[in-house]
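*Asks:* This one is upload21.csv, CSV, C-alpha atoms.
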chain,number,residue,atom,x,y,z
A,1,MET,CA,0.8,30.1,87.7
A,2,THR,CA,3.4,32.4,86.2
A,3,ARG,CA,4.8,31.4,82.9
A,4,CYS,CA,8.6,30.8,82.8
A,5,ALA,CA,10.5,33.3,80.8
A,6,ASN,CA,13.8,31.5,81.1
A,7,PRO,CA,14.0,28.4,79.0
A,8,THR,CA,17.7,28.0,79.6
A,9,ILE,CA,17.2,27.5,83.3
A,10,LYS,CA,14.3,25.2,82.6
A,11,ASP,CA,16.6,23.1,80.5
A,12,LEU,CA,18.9,22.6,83.5
A,13,LEU,CA,16.3,21.1,85.8
A,14,PRO,CA,17.2,17.4,85.1
A,15,ASP,CA,20.9,18.3,85.7
A,16,LEU,CA,19.9,19.8,89.0
A,17,LEU,CA,18.4,16.5,90.1
A,18,HIS,CA,21.5,14.6,89.0
A,19,ASP,CA,23.8,17.0,90.6
A,20,ARG,CA,25.5,17.9,87.4
A,21,LEU,CA,25.6,21.7,87.8
A,22,THR,CA,28.5,23.9,88.5
A,23,VAL,CA,28.2,26.0,91.7
A,24,ALA,CA,27.4,29.1,89.7
A,25,GLN,CA,24.7,27.3,87.7
A,26,ARG,CA,23.2,25.9,90.9
A,27,THR,CA,23.0,29.3,92.5
A,28,GLN,CA,21.3,30.6,89.3
A,29,VAL,CA,18.8,27.8,89.2
A,30,ASP,CA,17.9,28.1,92.9
A,31,ALA,CA,17.3,31.8,92.5
A,32,HIS,CA,15.1,31.2,89.5
A,33,LEU,CA,13.1,28.5,91.3
A,34,SER,CA,12.2,30.8,94.1
A,35,THR,CA,10.3,33.0,91.7
A,36,CYS,CA,9.1,30.7,89.0
A,37,ASP,CA,5.9,28.6,89.7
A,38,GLU,CA,6.1,26.8,86.4
A,39,CYS,CA,9.7,25.5,86.9
A,40,ARG,CA,8.8,24.5,90.5
A,41,ALA,CA,5.9,22.5,89.2
A,42,GLU,CA,8.0,20.9,86.5
A,43,LEU,CA,10.7,20.0,89.0
A,44,THR,CA,8.0,18.2,91.1
A,45,ILE,CA,7.0,16.2,88.1
A,46,LEU,CA,10.6,15.3,87.3
A,47,ARG,CA,11.1,14.1,90.9
A,48,GLN,CA,8.0,11.9,90.6
A,49,ILE,CA,9.3,10.4,87.4
A,50,ILE,CA,12.7,9.6,88.9
A,51,ALA,CA,10.9,8.1,91.9
A,52,VAL,CA,8.9,5.7,89.7
A,53,SER,CA,11.8,4.7,87.5
A,54,VAL,CA,12.8,1.7,89.6
A,55,ALA,CA,15.3,-0.7,88.1
A,56,PRO,CA,14.0,-4.3,88.0
A,57,ARG,CA,16.4,-6.9,89.5
A,58,VAL,CA,18.9,-8.4,87.2
A,59,ASP,CA,21.1,-11.4,87.9
A,60,VAL,CA,24.6,-9.8,87.7
A,61,THR,CA,26.5,-13.0,88.5
A,62,ARG,CA,24.7,-14.9,85.8
A,63,ILE,CA,25.3,-12.2,83.2
A,64,ALA,CA,29.0,-11.9,84.2
A,65,THR,CA,29.5,-15.7,83.6
A,66,THR,CA,28.2,-15.3,80.0
A,67,LEU,CA,30.7,-12.6,79.0
A,68,PRO,CA,33.4,-13.6,76.6
A,69,ARG,CA,37.1,-13.5,77.4
A,70,TYR,CA,39.1,-10.8,75.6
A,71,ARG,CA,40.5,-11.9,72.2
A,72,PRO,CA,42.5,-9.3,70.3
A,73,ARG,CA,41.4,-8.9,66.7
A,74,SER,CA,43.6,-10.4,64.1
A,75,MET,CA,45.1,-8.2,61.4
A,76,TRP,CA,42.5,-9.4,59.0
A,77,GLN,CA,39.6,-8.5,61.4
A,78,ARG,CA,41.2,-5.1,62.0
A,79,ALA,CA,41.4,-4.6,58.3
A,80,VAL,CA,37.8,-5.6,57.7
A,81,HIS,CA,36.7,-3.1,60.4
A,82,SER,CA,39.0,-0.3,59.0
A,83,THR,CA,37.0,2.6,57.5
A,84,GLN,CA,39.8,3.6,55.2
A,85,LEU,CA,40.1,0.1,53.8
A,86,ARG,CA,36.3,-0.1,53.3
A,87,ILE,CA,36.4,3.2,51.3
A,88,ALA,CA,39.3,1.9,49.2
A,89,ALA,CA,37.5,-1.4,48.5
A,90,ALA,CA,34.4,0.6,47.5
A,91,ILE,CA,36.5,2.7,45.1
A,92,VAL,CA,38.0,-0.4,43.5
A,93,VAL,CA,34.6,-2.1,43.1
A,94,LEU,CA,33.2,1.1,41.5
A,95,ALA,CA,36.2,1.5,39.1
A,96,GLY,CA,36.0,-2.2,38.2
A,97,GLY,CA,32.3,-2.0,37.5
A,98,ALA,CA,32.8,1.1,35.4
A,99,ALA,CA,35.5,-0.6,33.4
A,100,VAL,CA,33.2,-3.6,32.7
A,101,VAL,CA,30.4,-1.4,31.6
A,102,ALA,CA,32.7,0.6,29.3
A,103,THR,CA,34.0,-2.6,27.8
A,104,VAL,CA,30.5,-4.0,27.2
A,105,LEU,CA,29.3,-0.7,25.6
A,106,SER,CA,32.4,-0.5,23.3
A,107,ARG,CA,31.6,-4.1,22.1
A,108,ASP,CA,28.0,-3.1,21.3
A,109,VAL,CA,29.2,-0.1,19.2
A,110,ALA,CA,31.8,-2.0,17.1
A,111,PRO,CA,30.4,-3.1,13.7
A,112,THR,CA,30.6,-6.5,12.2
A,113,ARG,CA,33.7,-6.6,10.1
A,114,VAL,CA,35.8,-9.0,8.1
A,115,ALA,CA,39.5,-9.0,8.6
A,116,VAL,CA,41.4,-9.7,5.5
A,117,GLN,CA,45.0,-10.6,5.7
A,118,ALA,CA,46.9,-10.0,2.6
A,119,SER,CA,49.8,-12.1,1.5
A,120,THR,CA,51.8,-8.9,1.5
A,121,ARG,CA,51.0,-8.7,5.3
A,122,VAL,CA,49.1,-5.5,4.9
A,123,ASP,CA,46.2,-5.6,7.3
A,124,SER,CA,42.9,-4.1,6.1
A,125,THR,CA,39.3,-4.2,7.1
A,126,VAL,CA,36.5,-3.9,4.7
A,127,PRO,CA,32.9,-3.5,6.0
A,128,LEU,CA,30.8,-6.0,4.2
A,129,LYS,CA,27.3,-7.3,4.3
A,130,PRO,CA,27.6,-11.1,5.0
A,131,SER,CA,24.7,-12.2,2.8
A,132,THR,CA,25.9,-10.3,-0.3
A,133,PRO,CA,25.5,-12.7,-3.2
A,134,SER,CA,27.4,-10.7,-5.8
A,135,ALA,CA,29.0,-7.4,-6.5
A,136,THR,CA,26.3,-6.4,-8.9
A,137,THR,CA,23.5,-6.8,-6.5
A,138,ASP,CA,25.5,-5.2,-3.8
A,139,SER,CA,26.0,-2.1,-5.8
A,140,THR,CA,22.4,-2.1,-6.7
A,141,THR,CA,21.2,-2.3,-3.1
A,142,ALA,CA,23.8,0.2,-2.1
A,143,ALA,CA,22.3,2.7,-4.4
A,144,GLN,CA,18.8,2.0,-2.9
A,145,ARG,CA,20.0,2.2,0.7
A,146,LYS,CA,19.2,5.2,2.7
A,147,PRO,CA,22.2,7.5,3.4
A,148,ASN,CA,22.0,6.8,7.1
A,149,ASP,CA,22.8,3.1,6.6
A,150,ARG,CA,26.1,4.0,5.1
A,151,ASP,CA,26.8,6.6,7.6
A,152,ARG,CA,26.8,4.0,10.4
A,153,VAL,CA,30.0,2.4,9.0
A,154,PRO,CA,32.9,4.0,10.8
A,155,ALA,CA,35.2,5.6,8.3
A,156,GLU,CA,38.4,4.6,10.1
A,157,LEU,CA,37.6,0.9,9.7
A,158,ALA,CA,37.6,1.0,6.0
A,159,LEU,CA,40.5,1.6,3.5
A,160,GLY,CA,39.6,4.9,2.1
A,161,GLU,CA,36.1,4.7,0.6
A,162,THR,CA,33.5,2.0,1.6
A,163,VAL,CA,32.4,-0.6,-1.0
A,164,HIS,CA,29.2,1.3,-1.5
A,165,ASP,CA,31.2,4.2,-3.1
A,166,LEU,CA,33.0,2.0,-5.6
A,167,SER,CA,31.9,1.7,-9.2
A,168,ASP,CA,31.1,-1.7,-10.7
A,169,ALA,CA,34.5,-1.9,-12.5
A,170,GLU,CA,36.3,-1.1,-9.2
A,171,LEU,CA,34.3,-3.7,-7.4
A,172,ARG,CA,35.2,-6.3,-9.9
A,173,THR,CA,38.9,-5.5,-9.6
A,174,LEU,CA,38.7,-5.6,-5.8
A,175,LEU,CA,36.9,-8.9,-5.8
A,176,SER,CA,39.4,-10.5,-8.2
A,177,GLU,CA,42.2,-9.3,-5.9
A,178,LEU,CA,40.4,-10.8,-3.0
A,179,GLY,CA,40.2,-14.1,-4.7
A,180,THR,CA,44.0,-14.2,-4.9
A,181,LEU,CA,44.5,-13.6,-1.1
A,182,GLU,CA,45.3,-16.3,1.4
A,183,ALA,CA,42.6,-17.2,3.8
A,184,VAL,CA,42.9,-15.8,7.3
A,185,THR,CA,43.7,-18.3,10.1
A,186,PRO,CA,40.7,-18.8,12.4
A,187,THR,CA,42.5,-17.3,15.4
A,188,GLU,CA,42.9,-14.0,13.7
A,189,THR,CA,39.4,-13.8,12.3
A,190,GLU,CA,36.5,-12.0,14.0
A,191,VAL,CA,33.9,-12.9,11.5
A,192,VAL,CA,34.4,-15.0,8.4
A,193,VAL,CA,32.0,-14.6,5.4
A,194,PRO,CA,32.3,-17.7,3.2
A,195,ALA,CA,32.6,-17.6,-0.6
A,196,LEU,CA,32.9,-13.8,-0.8
A,197,GLY,CA,33.2,-12.7,-4.3
A,198,ARG,CA,33.4,-16.2,-5.8
A,199,GLY,CA,30.1,-15.7,-7.6
A,200,SER,CA,31.5,-12.9,-9.7
A,201,GLN,CA,34.6,-14.8,-10.8
B,1,MET,CA,24.4,-4.5,93.3
B,2,THR,CA,26.8,-1.5,92.9
B,3,ASP,CA,25.4,1.2,90.7
B,4,ALA,CA,28.0,3.7,89.6
B,5,GLY,CA,25.7,6.6,90.0
B,6,ARG,CA,23.2,7.6,87.3
B,7,SER,CA,25.8,9.2,85.1
B,8,GLY,CA,28.5,6.5,85.3
B,9,ASP,CA,32.2,7.1,86.0
B,10,ASP,CA,34.4,7.3,82.9
B,11,PRO,CA,37.9,7.0,84.3
B,12,ARG,CA,37.0,3.9,86.3
B,13,ASP,CA,35.3,2.3,83.3
B,14,ALA,CA,38.3,2.9,81.2
B,15,GLU,CA,40.5,1.4,83.8
B,16,LEU,CA,38.3,-1.7,84.1
B,17,ILE,CA,38.1,-2.1,80.3
B,18,ALA,CA,41.9,-2.1,80.2
B,19,LYS,CA,42.1,-4.7,82.9
B,20,TRP,CA,39.6,-6.9,81.1
B,21,LYS,CA,41.7,-6.6,77.9
B,22,SER,CA,44.7,-7.8,79.9
B,23,GLY,CA,42.9,-10.9,80.9
B,24,ASN,CA,41.3,-9.9,84.2
B,25,GLN,CA,37.8,-11.4,83.9
B,26,SER,CA,36.7,-9.9,87.3
B,27,ALA,CA,37.0,-6.5,85.7
B,28,ALA,CA,34.1,-7.5,83.4
B,29,THR,CA,32.0,-8.5,86.4
B,30,GLU,CA,32.6,-5.1,88.0
B,31,LEU,CA,31.6,-3.4,84.8
B,32,VAL,CA,28.3,-5.4,84.8
B,33,GLN,CA,27.7,-4.5,88.4
B,34,ARG,CA,28.3,-0.8,87.7
B,35,HIS,CA,25.9,-0.5,84.7
B,36,ALA,CA,23.3,-3.3,84.9
B,37,SER,CA,20.9,-1.4,87.0
B,38,ALA,CA,20.9,1.6,84.7
B,39,LEU,CA,20.3,-0.6,81.7
B,40,ALA,CA,17.4,-2.5,83.4
B,41,ARG,CA,15.9,0.8,84.5
B,42,PHE,CA,16.1,2.3,81.0
B,43,ALA,CA,14.6,-0.9,79.5
B,44,ALA,CA,11.7,-0.8,82.0
B,45,SER,CA,11.1,2.9,81.5
B,46,CYS,CA,11.0,2.4,77.7
B,47,GLY,CA,8.2,-0.1,78.0
B,48,ALA,CA,10.1,-3.4,77.9
B,49,ARG,CA,7.7,-5.8,79.7
B,50,GLU,CA,9.5,-9.1,79.8
B,51,ASP,CA,12.9,-10.6,79.6
B,52,ILE,CA,14.6,-7.4,80.9
B,53,ASP,CA,17.3,-9.7,82.4
B,54,GLU,CA,17.9,-11.3,79.0
B,55,LEU,CA,18.0,-7.9,77.3
B,56,VAL,CA,20.6,-6.6,79.7
B,57,GLN,CA,22.6,-9.7,79.2
B,58,ASP,CA,22.5,-9.5,75.4
B,59,THR,CA,23.6,-5.8,75.7
B,60,PHE,CA,26.7,-6.7,77.7
B,61,VAL,CA,27.6,-9.7,75.5
B,62,ARG,CA,27.3,-7.6,72.4
B,63,ALA,CA,29.3,-4.8,74.0
B,64,PHE,CA,32.1,-7.1,75.2
B,65,ASN,CA,32.3,-8.8,71.8
B,66,SER,CA,32.9,-5.5,70.1
B,67,LEU,CA,34.7,-3.6,72.8
B,68,ASP,CA,37.6,-3.1,70.4
B,69,GLY,CA,35.3,-0.9,68.3
B,70,PHE,CA,34.5,1.3,71.3
B,71,ARG,CA,36.5,4.5,70.6
B,72,GLY,CA,35.6,6.3,73.8
B,73,ASP,CA,33.9,9.2,71.9
B,74,SER,CA,31.1,8.8,74.4
B,75,SER,CA,31.1,7.3,77.9
B,76,PHE,CA,30.9,3.6,78.3
B,77,ARG,CA,27.4,3.8,79.8
B,78,THR,CA,26.2,5.9,76.9
B,79,TRP,CA,27.6,3.3,74.5
B,80,LEU,CA,25.8,0.6,76.4
B,81,PHE,CA,22.5,2.6,76.1
B,82,THR,CA,23.1,2.8,72.4
B,83,ILE,CA,23.5,-1.0,72.1
B,84,GLU,CA,20.5,-1.7,74.3
B,85,ARG,CA,18.3,0.8,72.5
B,86,ARG,CA,19.1,-1.0,69.2
B,87,LEU,CA,18.2,-4.3,70.7
B,88,LEU,CA,15.0,-2.7,72.0
B,89,LEU,CA,14.2,-1.4,68.5
B,90,ASP,CA,14.8,-4.9,67.1
B,91,ARG,CA,12.4,-6.3,69.6
B,92,ARG,CA,9.7,-3.7,68.8
B,93,ARG,CA,10.1,-4.5,65.1
B,94,ALA,CA,9.8,-8.2,65.7
B,95,GLU,CA,6.7,-7.7,67.8
B,96,ARG,CA,5.1,-5.6,65.0
B,97,ARG,CA,5.9,-8.5,62.6
B,98,ARG,CA,4.0,-11.0,64.8
B,99,PRO,CA,1.1,-12.5,62.8
B,100,PRO,CA,-2.2,-10.8,63.7
B,101,GLY,CA,-4.1,-14.1,63.7
B,102,LEU,CA,-2.0,-15.4,66.6
B,103,GLU,CA,-4.1,-16.7,69.5
B,104,ILE,CA,-3.9,-14.4,72.6
B,105,GLY,CA,-3.7,-16.4,75.8
B,106,GLU,CA,-4.8,-15.4,79.3
B,107,GLU,CA,-1.2,-14.6,80.2
B,108,ASP,CA,-0.9,-12.1,77.4
B,109,ALA,CA,-3.8,-9.9,78.7
B,110,VAL,CA,-1.6,-7.6,80.6
B,111,THR,CA,-1.2,-3.9,81.0
B,112,GLU,CA,1.9,-2.1,79.7
B,113,PHE,CA,3.6,-1.8,83.0
B,114,ASP,CA,2.9,-5.1,84.7
B,115,ALA,CA,6.6,-5.7,85.4
B,116,LEU,CA,6.5,-2.9,87.9
B,117,ASP,CA,3.0,-3.1,89.1
B,118,ASP,CA,4.1,-4.6,92.4
B,119,LEU,CA,6.6,-1.8,92.9
B,120,VAL,CA,4.4,1.1,91.9
B,121,ALA,CA,1.4,0.9,94.2
B,122,ASP,CA,0.6,4.6,94.4
B,123,GLU,CA,-2.0,5.8,92.0
B,124,ALA,CA,-0.2,9.1,91.2
B,125,GLN,CA,3.0,7.3,90.4
B,126,ALA,CA,1.1,4.8,88.2
B,127,ARG,CA,-0.3,7.8,86.3
B,128,VAL,CA,3.2,9.3,85.8
B,129,ARG,CA,4.3,5.9,84.4
B,130,LEU,CA,1.3,5.9,82.1
B,131,ALA,CA,2.1,9.4,80.9
B,132,ILE,CA,5.6,8.2,80.0
B,133,GLN,CA,4.3,5.2,78.2
B,134,ARG,CA,2.0,7.4,76.0
B,135,LEU,CA,5.0,9.2,74.5
B,136,THR,CA,6.3,8.3,71.0
B,137,PRO,CA,9.2,5.8,71.2
B,138,THR,CA,11.8,8.4,70.4
B,139,GLN,CA,10.3,11.0,72.8
B,140,ARG,CA,10.3,8.3,75.5
B,141,ASP,CA,13.9,7.2,74.9
B,142,VAL,CA,15.1,10.8,74.9
B,143,PHE,CA,13.1,11.8,77.9
B,144,VAL,CA,14.1,8.7,80.0
B,145,LEU,CA,17.8,9.2,79.2
B,146,ARG,CA,17.5,12.9,80.2
B,147,VAL,CA,15.4,12.6,83.3
B,148,THR,CA,16.1,9.2,84.9
B,149,GLU,CA,19.6,8.7,83.7
B,150,GLY,CA,20.7,12.3,83.7
B,151,LEU,CA,22.5,12.3,80.3
B,152,SER,CA,23.3,15.5,78.6
B,153,TYR,CA,21.8,16.3,75.2
B,154,LYS,CA,25.1,15.5,73.6
B,155,GLU,CA,25.2,12.0,75.1
B,156,ILE,CA,21.5,11.5,74.2
B,157,ALA,CA,22.2,12.5,70.6
B,158,SER,CA,24.9,9.9,70.5
B,159,ALA,CA,22.8,7.2,72.1
B,160,VAL,CA,19.7,7.7,69.9
B,161,SER,CA,21.6,8.7,66.7
B,162,THR,CA,20.3,12.2,66.4
B,163,THR,CA,21.5,15.8,66.9
B,164,GLU,CA,21.6,17.7,70.1
B,165,GLY,CA,19.0,20.1,68.8
B,166,ALA,CA,16.6,17.3,67.9
B,167,ALA,CA,17.1,15.7,71.3
B,168,ARG,CA,16.3,19.0,73.0
B,169,VAL,CA,13.1,19.3,70.9
B,170,HIS,CA,12.1,15.7,71.7
B,171,TYR,CA,12.6,16.3,75.4
B,172,HIS,CA,10.5,19.5,75.5
B,173,ASN,CA,7.7,18.0,73.4
B,174,ALA,CA,7.7,15.0,75.8
B,175,MET,CA,7.6,17.2,78.9
B,176,HIS,CA,4.8,19.2,77.4
B,177,ALA,CA,2.8,16.0,76.6
B,178,ILE,CA,3.4,14.6,80.1
B,179,LYS,CA,2.2,17.9,81.8
B,180,GLU,CA,-0.9,17.9,79.6
B,181,PHE,CA,-1.7,14.3,80.5
B,182,LEU,CA,-1.2,14.8,84.2
B,183,ASN,CA,-3.3,18.0,84.3
B,184,ASP,CA,-6.2,16.4,82.5
As structure tokens, please, write out the structure in this file.
*Replies:*
Amino acid sequence: MTRCANPTIKDLLPDLLHDRLTVAQRTQVDAHLSTCDECRAELTILRQIIAVSVAPRVDVTRIATTLPRYRPRSMWQRAVHSTQLRIAAAIVVLAGGAAVVATVLSRDVAPTRVAVQASTRVDSTVPLKPSTPSATTDSTTAAQRKPNDRDRVPAELALGETVHDLSDAELRTLLSELGTLEAVTPTETEVVVPALGRGSQ
Amino acid sequence: MTDAGRSGDDPRDAELIAKWKSGNQSAATELVQRHASALARFAASCGAREDIDELVQDTFVRAFNSLDGFRGDSSFRTWLFTIERRLLLDRRRAERRRPPGLEIGEEDAVTEFDALDDLVADEAQARVRLAIQRLTPTQRDVFVLRVTEGLSYKEIASAVSTTEGAARVHYHNAMHAIKEFLND
């Protein structure tokens, strides 16, 4: 059997059987078949396959009775099936998720701080260690602390220097001033450290 | 049963769909008459052994329930083949999930093409059918749509969710496998 050297024609054989060729294509295929044993054999196989592919009987009347009546989609259903709206919804969900993650992360990074409201209505924040018993011990432990511990306190949260940088005399002055300040109302307080500085008075 | 040729007739289908949407239920009946045979033939050729009638019905019900989503990118028949093929894949998956310990009754001991045994008496034809059944599911779907339904590669690509090039390769691999089997 001669091997077919024209795969394009071979590709058209099913179309020949289904009468889907143009007149020009049909002429071309017929001419090819008269010289190509392989394509003739393949055409025979295709004819056999079509012959065995018999459709089993189906009950058309019964099927037709089960079909629904046409109901136009409501505006809401059309919106649900709209690709553009689906994309928009996905963007909104992603943006919302990103905002939530960003908020959670920023909360994790913010240090514990005490808001002190002065009677002069000057807001200030001083980073403090909640369990600090006195200014003396605080200054001692501050000296022993590793530099990294101090570096973690964001500079913009403190008024100028941190308490670790103050001398004993400056700390005593600060604590005596703190004692004269009014207490902050609970709604304005993030964290309240009780009895701060009273031990040194 | 009226069969609208093996390749369907798009303008008539579009006309009937429009009629059905305007409340003419007999247009739906005509659409079923035009395409039910092709769907049943495709199902049988793809190895569906039982409940072909039910499969064809499910295909039509699903199609008519979502006819608003039919954009006419492909012919109505190609779209029906797409739906039926998905249902067939669901069935195949469900069969694979069937517990292995299940008792097999006498009625289950059947060959793959019992549904057509009474129609295919000739041994050569039975051999051709067996050759088709031995193809991989995708090869078989592509081959049947190309040979028995006369779909173009573009239509096949749409029906089986692949590319025209891949459909062409599946077809030629299937043809090669069938010729090898028949020449053995």
*Asks:* Write out as a PyMOL selection string every residue belonging to chain A that has an atom at most 9 Å from any atom of chain B, counting all atoms listed in the file.
*Replies:* chain A and resi 11+13-15+17-20+42+45-73+81
*Asks:* Please identify all polymer residues within 10 Å of Leu16 of chain A, counting only C-alpha atoms, omitting same-chain residues fewer than 4 positions from it, and present them as a list in words.
*Replies:*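 Near neighbours after the sequence-gap exclusion: Ile9, Asp11, Leu12, Arg20, Leu21, Thr22, Gln25, Arg26, Val29, Asp30 and Leu43 of chain A; Gly150 of chain B.
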*Asks:* Residues near Asp141 of chain B, anyone? I mean within 8 Å using all atoms listed in the file, not counting same-chain ones fewer than 3 positions away, as a PyMOL selection string.
*Replies:* chain B and resi 46+137-138+144-145+160
*Asks:* Just how far from atom CA of Lys154 of chain B is atom CA of Gln84 of chain A, in Å to one decimal?
*Replies:*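 Distance between the two atoms: 26.4 Å.
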*Asks:* Just the number, please: distance in Å from atom CA of Arg49 of chain B to atom CA of Gln139 of chain B, one decimal.
*Replies:* 18.3 Å
*Asks:* Rounded to one decimal, what separation in Å do you get between atom CA of Glu95 of chain B and atom CA of Glu180 of chain B?
*Replies:*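 That distance, rounded to one decimal, is 29.2 Å.
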